[in-house]
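Notes to accompany the following structure.
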Amino acid sequence: MTFSPELEARFAKLLESYPPGRTRSAIVPMLLYAQDEVGHISHELIEEVARRCQVQSLQVDEVVGYYSMLHRKPLGKCHVQVCTNISCLILGGEELYEYASKKLGIGNKEVTPDGQFSLEEVECMGACSWAPAVQLNYDFHHYVTPAKLDQLLADVRKAQ
Amino acid sequence: MLYNEPSPLEVKILTKRFGLKNSESLDTYLATDGYKAFLKAIEMTPEQIIEEVKVSALRGRGGAGFPSGMKWSFVPRTSPKPKYIIINADESEPGTCKDRLLMENDPHQLIEGILIAGRAVDSHKGYIYIRGEYRYLIEAMDRAIAEAYSRGYLGKNIQGTGFDFDLYTHTGAGAYECGEETALLDSIEGKRGVPRMKPPFPAVVGAWQSPTLLSNVETFSAVPAIIRDGGAAFAALGPPKNGGTRLVCLSGHINKPGVYELPTGFNLLRMIYEVGGGMRNGKKLKAVVPGGSSCPILKADECDIAMDFDSLAKVKSMLGSGGTVVLDEETCMVKFAQRIMKFYAHESCGWCIPCREGTTWLKKMLDRFHAGAGQKSDIPLIGELSKNMLGRTFCALGDAAAMPTISIVEKFPEDFEAHLNGKPCPYQHSAELAMA
Amino acid sequence: MSDLIHLTIDGRAVTAAPGTLVINAAKAVGIEVPSFCYYDGLTLQAACRMCLVEVEKTPKLQVGCTLPVAEGMVVHTDSPQVHEARKGTLEFLLTNHPLDCPVCDKGGECELQDMTFRYGMGESRFVEQKQHIDEQQWSPVVFYDKPRCILCYRCVRICDEGMGVKALGVGNRGSVSVIEPNHFDHLECDECGMCIDICPVGALTSGTYRYKTRPWEMKHVGTICTHCADGCKTTLGVRNNEIIRGNNRDRSGINGEFLCIKGRYAADFVNSPERLQSPLVRRNGKLEPVSWSHALTAAAAKLGEVKARGGKFAVIGSNHTSNEENYYLQKFAREALGTNNIDHHRTGDVATLLDALSGKKDALATTADLYDRKAILVVSSDLAQQHPFLAFQIRANYRHHNAHVYTVTPGPVREQSIALRSVITVPGHELADVVSLSEQLKKETELVILFGDAIKGDKIRQLVAFGDSLGIPVKYVCLVDYSNSRGASDLGLGPDSGPGYRPVNAPGLAYDEILAATDLDVLWVVGANPLKHSALASSNAFVIVQEMFLTETAQRADIVLPAASAYEKHGTVTNVCGEVQRLKGGVQVMGTKPDLEIMGLLSKELGVNLGMWSADKVLEEIRANVHGYNIPLPILATGGAAQTAPVNGRVPASSRPDLIQSARDTLFTSGTLGRYCSKLKSTLEAPGALYSEPRP
């Protein structure tokens with residue numbers, strides 16, 4: 001597989017950052033960064049990462065299944081992650097999630113037919129004091145209300 | 001820059017640069033005593049540094065509260081193997097959002113703490129394990145690290161002291177369990193984040209089979225102040241054996257949620273009413289999660305308490321990681337218990353049977369119970385099943401799921417009773433109101 | 001004995017060596033501490049939490065499988081708290097278990113069933129929805145039923161640690177964790193089935209056994225695998241005269257629980273539709289079925305006629321037939337037919353090794369030595385493929401004792417991953433490469449050298465001289481191919497030496513000479529297929545063949561006598577390390593007879609008395625007459641292995657190293673037998689190749 005020069009540079013740096021012979025350590029970062037670029041983790045990507053980290057593809061596959069941010073199916077261009085864990089829950093996180101689901105017309109870990117959005121109910125993302133919180137891809141949004149979510153989604157649509 | 005309005009009651013040691021212009025920059029850091037502690041540490045022997053940390057009564061800020069100085073002294077400094085420093089920035093305990101601020105607002109304080117630790121345990125390589133969701137913080141830390149390298153605060157022969165140190169960030173990818181130190185080690189080695197058997201402890205056999213000093217971001221961030229101003233000064237900020245300040249993450253039904261730096265041992269009620277601006281909409285206090293979702297919950301009448309490790313242990317709860325979640329009278333404790341269990345079932349690594357199966361069973365049961373299909377016999381069963389996990393799991397995650405659940409069932413039986421016989425959740429409207 | 005630890009378990013005083021785990025200290029005094037994930041010889045997991053015990057002065061229950069004994073420790077395995085914990089854990093385990101015991105293959109020999117029966121509660125409090133995942137087929141051999149899986153990771157560990165294959169891993173997380181195969185949806189591995197047998201529940205099941213029977217409906221027959229030379233004990237599960245599986249769960253025999261695909265699943269040749277079930281006699285150029293009496297009479301008549309006119313006989317014996325059959329065959333040839341024209345396909349130069357070791361004591365390694373000795377040198381063999389059990393022993397030795405492993409092989413082998421040093425050699429250069437290791441080998445305290453067919457004739461003498469030069473005790477294994485290759489050699493299937501390598505007066509024709517001779521009157525082939533690769537020059541020779549299948553040789557025969565396989569008869573075989581073990585027949589195939597009986601009946605027809613043709617009687621004769629085979633009967637009778645004592649004197653070794661040639665079978669081929677094993681052939685990995693790069 002070929003990646004962008006930026007990602008290749010990042011991989012090169014990654015592989016150098018671990019102690020000698022410990023390339024296996026790069027598996028998780030490599031998968032996540034590659035997923036950011038290619039959209040999801042395919043068998044081909046698993047084999048590619050295995051080759052680069054000098055392990056069996058099974059060892060990479062085991063990792064893929066373990067981490068919740070690694071996805072085997074493509075996500076929407078904008079992955080809407082709504083936290084419903086305790087601090088968000090008690091300030092309406094679950095209702096916010098339901099609202100997003102209705103608004104986007106998709107359920108948990110589903111993608112809109114146009115591929116623009118995907119939705120995920122996520123665990124605590126470390127925004128408890130600014131609850132309820134939402135992440136659009138890697139961007140945090142705090143004190144999110146349904147109205148604010150509407151605005152955020154509209155902004156994304158506009159930008160796309 | 002994420003930062004809430006400070007409270008006048010704060011004692012700002014670790015957060016003293018928060019709110020400064022470009023607080024994250026090396027220039028700001030240097031202008032405010034930055035890297036002085038490191039230069040001081042270079043003049044000290046490793047034994048002296050460790051002694052100072054012991055004197056400070058600093059205890060791990062990740063949740064377990066292990067005395068830091070003791071941990072540092074366990075690292076076999078003279079081992080011929082390389083020694084690693086790993087910074088746990090996998091902040092994932094529900095209710096906790098402080099390490100985020102420390103890395104965003106004052107990354108060099110963390111770097112300096114790491115350098116001092118490196119000097120103390122003869123380590124020359126460190127990795128900051130940052131949870132995958134904190135991508136912007138990985139970038140922020142990378143920027144700070146690059147700046148430190150470019151100005152000779154990382155790399156070879158730091159500031160002409162002859163001390164070398166390389167520091168890297170490493171991203172997680174979504175796994176609460178990786179906050180457990182040995183699971184984090186497996187994770188950084190490119191494996192599933194499954195905890196390891198102890199002994200050996202990470203201090204002796206940690207990352208890549210080598211001695212490893214592993215602590216939380218806040219713990220390392222406290223080190224520069226300890227070395228700079230002396231361990232005794234830091235210790236004096238808190239009650240005995242509970243040195244320094246803590247970053248308290250106040251969240252929930254209060255008027256001024258936020259992260260506040262308060263002396264260890266600060267009274268919980270004062271946190272809520274004086275620091276946090278009191279209950280929202282004048283509602284009554286129902287309960288408090290003192291230090292993240294793993295901690296047994298406190299009823300309103302238990303909240304007049306000093307927030308330190310020992311006082312909370314006395315009421316069979318824990319100080320945890322500083323995630324203080326305040327619940328008002330309209331909170332459904334069944335729903336709350338269900339959400340906690342849903343979290344632990346989702347995050348259980350699956351390694352051992354009691355945790356894997358126990359959390360899942362309890363989650364299913366609490367789902368059903370909250371939906372109105374509970375039976376009276378379920379109420380004691382929730383407690384019994386939790387106790388069947390308690391103390392029997394491989395790592396503390398099983399306990400973390402069991403303890404709050406047991407406390408909720410014991411302390412709020414009336415909430416459970418109210419859901420019986422197909423009755424709808426009596427608090428159903430409250431969350432909707434919260435959204436308004 | 002001051003270095004022993006004293007502790008108390010359930011009120012009983014127990015002593016144990018330091019480092020002993022509580023679970024084992026308890027076991028030693030007959031106290032069971034239940035466990036799923038703990039498995040002798042594999043790494044510790046502490047995952048199942050079944051072995052929790054109470055230790056006085058410790059607030060929490062302790063994990064018996066990881067807790068080492070300590071002086072003065074007081075352990076309770078029978079306290080209410082412990083019972084409560086076991087009950088709780090089992091209750092958790094059963095929450096998502098499908099409880100489909102009535103249709104589960106494991107029913108009756110399931111550890112989860114047993115544990116629930118002993119320690120569980122009578123009823124379930126779980127009323128929630130179970131989570132179903134469909135069963136998956138990972139290979140013709142391996143099926144995985146996730147809901148039954150308790151995630152004890154035994155399969156993952158046996159595949160990684162035991163087999164060195166690493167084909168199984170853990171996927172997903174939490175309660176949806178699964179065991180996963182190495183190629184996303186299928187396995188590419190040794191297909192050994194170790195994972196299946198080690199599974200305490202019915203999560204991993206085998207393609208040969210699943211949904212066929214219940215364990216208690218089978219007869220369990222412990223015999224010796226009839227494929228390679230390693231001599232693994234396999235316990236055949238037989239129902240209605242059909243071998244449904246092989247396993248060795250009782251860990252009896254030299255191999256403990258080890259078996260490869262051949263020992264577990266390659267018994268289907270027995271019921272192959274191509275199996276010969278009636279004698280055949282050539283009439284008008286065509287082989288036609290006849291009765292046994294007709295065939296035997298015809299064969300004996302021919303033998304008698306040729307004998308009477310002083311005609312020329314030649315006999316080719318088998319690598320698979322029993323010691324008794326080999327002995328009887330050479331006796332028949334030498335005494336009744338008066339010929340030394342007898343040989344077999346020699347796959348290793350055992351005779352030269354024995355000769356080179358003449359005068360030495362304890363110089364032949366046993367399979368146990370491969371697990372015990374401190375250093376092992378493998379020369380020119382792809383052990384993991386050609387001798388999977390020997391490879392397993394060496395891996396276990398490395399794992400448990402940190403054995404120093406050296407390899408000198410013409411290509412990559414699995415043992416390289418555990419080797420201290422590996423040399424890739426080129427044919428002809430093996431000895432020089434071995435010698436290049438001498439400085440390092442001299443530092444070892446003992447050594448076992450295993451060598452393949454590249455080392456033969458004088459090279460063996462040179463190798464032994466090299467071994468002598470190291471100044472440390474060295475033991476040897478001359479690698480041979482098949483289940484009784486060693487026995488064929490020992491029991492006199494050679495032109496120049498009789499049983500026990502006793503020299504013969506006038507050496508006869510060797511294997512190639514037999515085939516090249518133009519003046520043979522009768523060629524008698526027992527369990528061999530010499531005409532697969534070469535033609536028979538004596539175009540007029542009358543050919544008698546005892547065989548299971550209509551092989552190339554049988555097709556050339558004038559009379560074909562359908563023979564029983566090793567799984568259908570009694571007797572003994574000698575493995576690659578010279579260990580003699582007992583065959584026990586488990587099934588019978590209608591129309592066939594064991595080779596010994598065929599020979600006995602032939603001798604009777606011929607009117608010669610070669611002694612009774614029962615396996616026991618012949619063994620008695622072997623024990624009395626054959627050097628090295630006076631092995632203790634009780635060991636054999638109890639299913640043990642007795643190493644034959646080496647010939648302590650010169651051996652009339654063949655001067656024909658060119659005849660020594662391994663068939664280079666892989667894990668998925670097995671000479672003639674392999675051609676009729678549908679399970680072997682059905683695997684994705686078949687036929688496989690030696691010295692190939694490890695699969696990614």
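Residue numbering restarts at 1 for every chain of the structure tokens, chains are lettered A, B, ... in their displayed order, and ligands are numbered from 1 as they appear.
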Test item: chain C residues at most 12 Å from chain A, counting only C-alpha atoms, as a ChimeraX atom specification: /C:156,160,165-188,694-696
Write the residues of the selection above to a file with N, CA and C atoms, as a PDB file, in the first residue's frame.
```
ATOM      1  N   VAL C 156      -4.490 -20.931  22.150  1.00  0.00           N
ATOM      2  CA  VAL C 156      -3.549 -19.911  21.683  1.00  0.00           C
ATOM      3  C   VAL C 156      -2.138 -20.278  22.133  1.00  0.00           C
ATOM      4  N   ASP C 160       1.159 -21.496  19.924  1.00  0.00           N
ATOM      5  CA  ASP C 160       2.332 -20.634  19.946  1.00  0.00           C
ATOM      6  C   ASP C 160       3.494 -21.329  20.660  1.00  0.00           C
ATOM      7  N   VAL C 165       3.773 -22.270  16.083  1.00  0.00           N
ATOM      8  CA  VAL C 165       3.075 -21.874  14.855  1.00  0.00           C
ATOM      9  C   VAL C 165       2.404 -20.506  14.989  1.00  0.00           C
ATOM     10  N   LYS C 166       1.871 -20.211  16.160  1.00  0.00           N
ATOM     11  CA  LYS C 166       1.201 -18.923  16.395  1.00  0.00           C
ATOM     12  C   LYS C 166       0.066 -18.671  15.415  1.00  0.00           C
ATOM     13  N   ALA C 167      -0.748 -19.651  15.202  1.00  0.00           N
ATOM     14  CA  ALA C 167      -1.825 -19.468  14.232  1.00  0.00           C
ATOM     15  C   ALA C 167      -3.108 -18.967  14.876  1.00  0.00           C
ATOM     16  N   LEU C 168      -3.161 -18.944  16.203  1.00  0.00           N
ATOM     17  CA  LEU C 168      -4.389 -18.522  16.861  1.00  0.00           C
ATOM     18  C   LEU C 168      -4.130 -17.286  17.714  1.00  0.00           C
ATOM     19  N   GLY C 169      -5.092 -16.404  17.710  1.00  0.00           N
ATOM     20  CA  GLY C 169      -4.972 -15.205  18.517  1.00  0.00           C
ATOM     21  C   GLY C 169      -6.306 -14.881  19.152  1.00  0.00           C
ATOM     22  N   VAL C 170      -6.340 -13.746  19.813  1.00  0.00           N
ATOM     23  CA  VAL C 170      -7.567 -13.316  20.465  1.00  0.00           C
ATOM     24  C   VAL C 170      -8.068 -12.074  19.753  1.00  0.00           C
ATOM     25  N   GLY C 171      -9.308 -12.095  19.376  1.00  0.00           N
ATOM     26  CA  GLY C 171      -9.877 -10.949  18.678  1.00  0.00           C
ATOM     27  C   GLY C 171     -10.939 -10.278  19.526  1.00  0.00           C
ATOM     28  N   ASN C 172     -11.271  -9.057  19.157  1.00  0.00           N
ATOM     29  CA  ASN C 172     -12.284  -8.269  19.853  1.00  0.00           C
ATOM     30  C   ASN C 172     -11.909  -8.058  21.315  1.00  0.00           C
ATOM     31  N   ARG C 173     -12.887  -7.653  22.083  1.00  0.00           N
ATOM     32  CA  ARG C 173     -12.590  -7.280  23.463  1.00  0.00           C
ATOM     33  C   ARG C 173     -13.784  -7.614  24.336  1.00  0.00           C
ATOM     34  N   GLY C 174     -13.519  -7.773  25.616  1.00  0.00           N
ATOM     35  CA  GLY C 174     -14.610  -7.973  26.564  1.00  0.00           C
ATOM     36  C   GLY C 174     -15.406  -9.229  26.248  1.00  0.00           C
ATOM     37  N   SER C 175     -16.707  -9.142  26.478  1.00  0.00           N
ATOM     38  CA  SER C 175     -17.516 -10.356  26.363  1.00  0.00           C
ATOM     39  C   SER C 175     -17.680 -10.797  24.921  1.00  0.00           C
ATOM     40  N   VAL C 176     -17.283  -9.969  23.972  1.00  0.00           N
ATOM     41  CA  VAL C 176     -17.346 -10.431  22.580  1.00  0.00           C
ATOM     42  C   VAL C 176     -15.984 -10.899  22.083  1.00  0.00           C
ATOM     43  N   SER C 177     -15.051 -11.056  23.009  1.00  0.00           N
ATOM     44  CA  SER C 177     -13.737 -11.581  22.628  1.00  0.00           C
ATOM     45  C   SER C 177     -13.899 -12.950  21.981  1.00  0.00           C
ATOM     46  N   VAL C 178     -13.067 -13.206  21.029  1.00  0.00           N
ATOM     47  CA  VAL C 178     -13.103 -14.495  20.339  1.00  0.00           C
ATOM     48  C   VAL C 178     -11.677 -14.993  20.143  1.00  0.00           C
ATOM     49  N   ILE C 179     -11.576 -16.262  19.858  1.00  0.00           N
ATOM     50  CA  ILE C 179     -10.310 -16.799  19.358  1.00  0.00           C
ATOM     51  C   ILE C 179     -10.353 -16.601  17.847  1.00  0.00           C
ATOM     52  N   GLU C 180      -9.250 -16.157  17.283  1.00  0.00           N
ATOM     53  CA  GLU C 180      -9.298 -15.959  15.832  1.00  0.00           C
ATOM     54  C   GLU C 180      -8.136 -16.629  15.117  1.00  0.00           C
ATOM     55  N   PRO C 181      -8.400 -17.048  13.877  1.00  0.00           N
ATOM     56  CA  PRO C 181      -7.371 -17.764  13.107  1.00  0.00           C
ATOM     57  C   PRO C 181      -6.441 -16.790  12.401  1.00  0.00           C
ATOM     58  N   ASN C 182      -5.311 -17.290  11.952  1.00  0.00           N
ATOM     59  CA  ASN C 182      -4.274 -16.385  11.460  1.00  0.00           C
ATOM     60  C   ASN C 182      -4.541 -15.769  10.099  1.00  0.00           C
ATOM     61  N   HIS C 183      -5.519 -16.246   9.373  1.00  0.00           N
ATOM     62  CA  HIS C 183      -5.779 -15.631   8.076  1.00  0.00           C
ATOM     63  C   HIS C 183      -7.213 -15.117   7.991  1.00  0.00           C
ATOM     64  N   PHE C 184      -7.562 -14.295   8.959  1.00  0.00           N
ATOM     65  CA  PHE C 184      -8.853 -13.625   9.019  1.00  0.00           C
ATOM     66  C   PHE C 184     -10.015 -14.602   9.168  1.00  0.00           C
ATOM     67  N   ASP C 185     -10.277 -15.401   8.122  1.00  0.00           N
ATOM     68  CA  ASP C 185     -11.419 -16.314   8.250  1.00  0.00           C
ATOM     69  C   ASP C 185     -11.010 -17.772   8.159  1.00  0.00           C
ATOM     70  N   HIS C 186      -9.737 -18.018   8.038  1.00  0.00           N
ATOM     71  CA  HIS C 186      -9.317 -19.417   7.986  1.00  0.00           C
ATOM     72  C   HIS C 186      -7.912 -19.576   8.545  1.00  0.00           C
ATOM     73  N   LEU C 187      -7.575 -20.828   8.768  1.00  0.00           N
ATOM     74  CA  LEU C 187      -6.280 -21.150   9.352  1.00  0.00           C
ATOM     75  C   LEU C 187      -5.314 -21.632   8.289  1.00  0.00           C
ATOM     76  N   GLU C 188      -4.079 -21.211   8.411  1.00  0.00           N
ATOM     77  CA  GLU C 188      -3.016 -21.873   7.660  1.00  0.00           C
ATOM     78  C   GLU C 188      -1.976 -22.233   8.706  1.00  0.00           C
ATOM     79  N   PRO C 694       8.865 -19.775   6.642  1.00  0.00           N
ATOM     80  CA  PRO C 694       7.688 -19.888   7.506  1.00  0.00           C
ATOM     81  C   PRO C 694       6.527 -19.077   6.917  1.00  0.00           C
ATOM     82  N   ARG C 695       5.344 -19.611   7.074  1.00  0.00           N
ATOM     83  CA  ARG C 695       4.169 -18.901   6.562  1.00  0.00           C
ATOM     84  C   ARG C 695       4.032 -17.547   7.263  1.00  0.00           C
ATOM     85  N   PRO C 696       3.672 -16.512   6.523  1.00  0.00           N
ATOM     86  CA  PRO C 696       3.581 -15.183   7.149  1.00  0.00           C
ATOM     87  C   PRO C 696       2.478 -15.102   8.202  1.00  0.00           C
TER      88      PRO C 696
END
```
Contact residues (chain C, partner chain B, 8 Å, only C-alpha atoms) as a PyMOL selection string: chain C and resi 45-49+52+60-61+85+88-89+92-93+95-96+126+128-129+150-151+173-177
Within 9 Å of Val53 of chain C using only C-alpha atoms, minus same-chain residues under 6 positions, as a list in words: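 Listed by chain and then number, they are Val22, Val33, Leu61, Gln62, Val63, Gly64, Val75, His76, Thr77, Asp78, Ser79, Gln81, Val82 and Ala85 of chain C.
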10 Å contact set for segment 680-688 of chain C, only C-alpha atoms, chain neighbours under 5 positions out, as a VMD selection string: chain C and resid 139 to 141 186 to 191 261 to 262 265 to 268 385 665 to 670 674 to 675
Dump N, CA and C atoms for the selected residues as a tab-separated table (two decimals), in the first residue's frame?
```
chain	number	residue	atom	x	y	z
C	139	SER	N	-10.78	-24.65	8.83
C	139	SER	CA	-9.99	-25.53	7.96
C	139	SER	C	-10.75	-26.82	7.89
C	140	PRO	N	-10.33	-27.76	7.04
C	140	PRO	CA	-11.04	-29.05	7.05
C	140	PRO	C	-10.96	-29.72	8.42
C	141	VAL	N	-10.01	-29.29	9.20
C	141	VAL	CA	-9.80	-29.92	10.50
C	141	VAL	C	-10.46	-29.15	11.64
C	186	HIS	N	-9.74	-18.02	8.04
C	186	HIS	CA	-9.32	-19.42	7.99
C	186	HIS	C	-7.91	-19.58	8.55
C	187	LEU	N	-7.57	-20.83	8.77
C	187	LEU	CA	-6.28	-21.15	9.35
C	187	LEU	C	-5.31	-21.63	8.29
C	188	GLU	N	-4.08	-21.21	8.41
C	188	GLU	CA	-3.02	-21.87	7.66
C	188	GLU	C	-1.98	-22.23	8.71
C	189	CYS	N	-1.85	-23.53	8.95
C	189	CYS	CA	-1.05	-23.95	10.08
C	189	CYS	C	-0.63	-25.40	9.91
C	190	ASP	N	-0.26	-26.03	10.99
C	190	ASP	CA	0.10	-27.45	10.93
C	190	ASP	C	-1.14	-28.34	10.89
C	191	GLU	N	-2.29	-27.78	11.15
C	191	GLU	CA	-3.54	-28.56	11.21
C	191	GLU	C	-3.40	-29.74	12.16
C	261	ILE	N	-1.26	-33.83	12.72
C	261	ILE	CA	-2.48	-34.13	11.94
C	261	ILE	C	-2.55	-35.61	11.59
C	262	LYS	N	-1.38	-36.23	11.39
C	262	LYS	CA	-1.39	-37.63	10.98
C	262	LYS	C	-1.90	-38.52	12.11
C	265	TYR	N	-5.84	-37.33	12.70
C	265	TYR	CA	-6.90	-37.35	11.70
C	265	TYR	C	-6.59	-38.18	10.46
C	266	ALA	N	-5.37	-38.72	10.38
C	266	ALA	CA	-5.02	-39.43	9.15
C	266	ALA	C	-5.20	-40.93	9.31
C	267	ALA	N	-6.35	-41.32	9.83
C	267	ALA	CA	-6.64	-42.74	9.94
C	267	ALA	C	-7.71	-43.12	8.92
C	268	ASP	N	-8.09	-42.16	8.11
C	268	ASP	CA	-9.22	-42.45	7.20
C	268	ASP	C	-8.83	-43.35	6.03
C	385	GLN	N	8.49	-30.64	10.20
C	385	GLN	CA	7.67	-31.28	9.17
C	385	GLN	C	7.88	-32.79	9.15
C	665	ASP	N	8.88	-36.71	3.27
C	665	ASP	CA	7.46	-36.41	3.49
C	665	ASP	C	7.33	-35.14	4.31
C	666	THR	N	6.27	-34.40	4.06
C	666	THR	CA	5.98	-33.22	4.86
C	666	THR	C	4.94	-33.60	5.91
C	667	LEU	N	4.43	-32.60	6.59
C	667	LEU	CA	3.36	-32.86	7.56
C	667	LEU	C	2.11	-33.40	6.88
C	668	PHE	N	2.02	-33.14	5.58
C	668	PHE	CA	0.77	-33.46	4.89
C	668	PHE	C	0.92	-34.56	3.85
C	669	THR	N	2.09	-35.22	3.84
C	669	THR	CA	2.23	-36.39	2.98
C	669	THR	C	2.72	-37.52	3.86
C	670	SER	N	2.48	-38.73	3.45
C	670	SER	CA	2.90	-39.86	4.26
C	670	SER	C	3.07	-41.08	3.38
C	674	GLY	N	-0.31	-41.80	2.75
C	674	GLY	CA	-0.78	-40.43	2.60
C	674	GLY	C	-1.68	-40.25	1.39
C	675	ARG	N	-1.42	-41.08	0.38
C	675	ARG	CA	-2.23	-40.94	-0.83
C	675	ARG	C	-3.67	-41.31	-0.59
```
Residues of chain B that have any atom at most 8 Å from an atom of chain A: could you tabulate them with the shortest-distance atom pair and the distance in Å to one decimal, using only C-alpha atoms, ordered by chain and increasing number, as CSV?
```
residue,atom,partner,partner_atom,distance
B:Glu91,CA,A:Gly126,CA,6.9
B:Ser92,CA,A:Gly126,CA,6.4
B:Glu93,CA,A:Cys124,CA,7.3
B:Pro94,CA,A:Cys124,CA,5.2
B:Gly95,CA,A:Cys128,CA,5.3
B:Thr96,CA,A:Gly126,CA,5.8
B:Cys97,CA,A:Gly126,CA,4.4
B:Lys98,CA,A:Gly126,CA,7.9
B:Arg100,CA,A:Gly126,CA,7.5
B:Gly132,CA,A:Met69,CA,7.5
B:Glu133,CA,A:Tyr138,CA,6.5
B:Tyr134,CA,A:Tyr138,CA,7.4
B:Arg135,CA,A:Tyr138,CA,6.2
B:Tyr136,CA,A:Tyr138,CA,7.2
B:Tyr168,CA,A:Ser17,CA,6.9
B:His170,CA,A:Pro29,CA,6.9
B:Thr171,CA,A:Pro29,CA,5.6
B:Gly172,CA,A:Val28,CA,6.8
B:Ala173,CA,A:Met69,CA,5.1
B:Gly174,CA,A:Ser68,CA,4.8
B:Ala175,CA,A:Tyr67,CA,5.6
B:Ser187,CA,A:Ser25,CA,7.7
B:Ile188,CA,A:Ser25,CA,5.5
B:Glu189,CA,A:Ser25,CA,4.2
B:Gly190,CA,A:Ser25,CA,4.0
B:Lys191,CA,A:Val63,CA,6.0
B:Arg192,CA,A:Val63,CA,5.2
B:Gly193,CA,A:Tyr66,CA,7.6
B:Trp208,CA,A:Arg22,CA,7.7
B:Cys249,CA,A:Ser129,CA,6.3
B:Leu250,CA,A:Ser129,CA,5.8
B:Ser251,CA,A:Ser129,CA,4.5
B:Gly252,CA,A:Ser87,CA,5.5
B:His253,CA,A:Leu91,CA,7.4
B:Pro257,CA,A:Ser129,CA,5.1
B:Gly258,CA,A:Ser129,CA,4.8
B:Val259,CA,A:Ser129,CA,6.9
B:Ser293,CA,A:Ile86,CA,7.7
B:Val325,CA,A:Ser87,CA,6.4
B:Leu327,CA,A:Ile90,CA,7.6
B:Thr331,CA,A:Ile90,CA,7.0
B:Phe336,CA,A:Ile86,CA,6.8
B:Arg339,CA,A:Asn85,CA,6.6
B:Ile340,CA,A:Ile86,CA,6.9
B:Phe343,CA,A:Glu123,CA,6.6
B:Cys349,CA,A:Tyr66,CA,7.8
B:Ala431,CA,A:Gly92,CA,5.3
B:Glu432,CA,A:Gly92,CA,6.6
B:Ala434,CA,A:Leu91,CA,5.5
B:Met435,CA,A:Gly92,CA,5.4
```
All helix (DSSP H, G or I) positions in segment 25-103 of chain A, as JSON, numbers by chain: {"A": [25, 26, 27, 28, 29, 30, 31, 32, 33, 34, 35, 36, 37, 38, 43, 44, 45, 46, 47, 48, 49, 50, 51, 52, 53, 57, 58, 59, 60, 61, 62, 63, 64, 65, 66, 86, 87, 88, 89, 93, 94, 95, 96, 97, 98, 99, 100, 101, 102, 103]}
Residue neighbourhood Asp453 of chain C, 8 Å, only C-alpha atoms, exclusion window fewer than 5 positions, as a ChimeraX atom specification: /C:347-349,380,479-480,660-662
For Lys443 of chain C, please output as a PDB file with C-alpha atoms, in the first residue's frame all residues within 12 Å (counting only C-alpha atoms; exclusion window: fewer than 3 positions along the same chain).
```pdb
ATOM      1  CA  LYS C 374      20.944 -29.334  27.564  1.00  0.00           C
ATOM      2  CA  ALA C 375      21.936 -28.965  23.939  1.00  0.00           C
ATOM      3  CA  HIS C 404      20.630 -24.625  23.480  1.00  0.00           C
ATOM      4  CA  LEU C 437      30.129 -24.962  15.447  1.00  0.00           C
ATOM      5  CA  SER C 438      32.712 -26.906  17.391  1.00  0.00           C
ATOM      6  CA  GLU C 439      34.006 -24.106  19.600  1.00  0.00           C
ATOM      7  CA  GLN C 440      30.516 -23.324  20.769  1.00  0.00           C
ATOM      8  CA  GLU C 446      26.090 -32.545  26.750  1.00  0.00           C
ATOM      9  CA  LEU C 447      24.642 -32.783  23.300  1.00  0.00           C
ATOM     10  CA  LEU C 470      33.927 -32.350  21.731  1.00  0.00           C
ATOM     11  CA  GLY C 471      34.837 -34.015  24.983  1.00  0.00           C
ATOM     12  CA  ILE C 472      31.242 -34.066  26.215  1.00  0.00           C
ATOM     13  CA  PRO C 473      28.663 -36.830  26.296  1.00  0.00           C
TER      14      PRO C 473
END
```
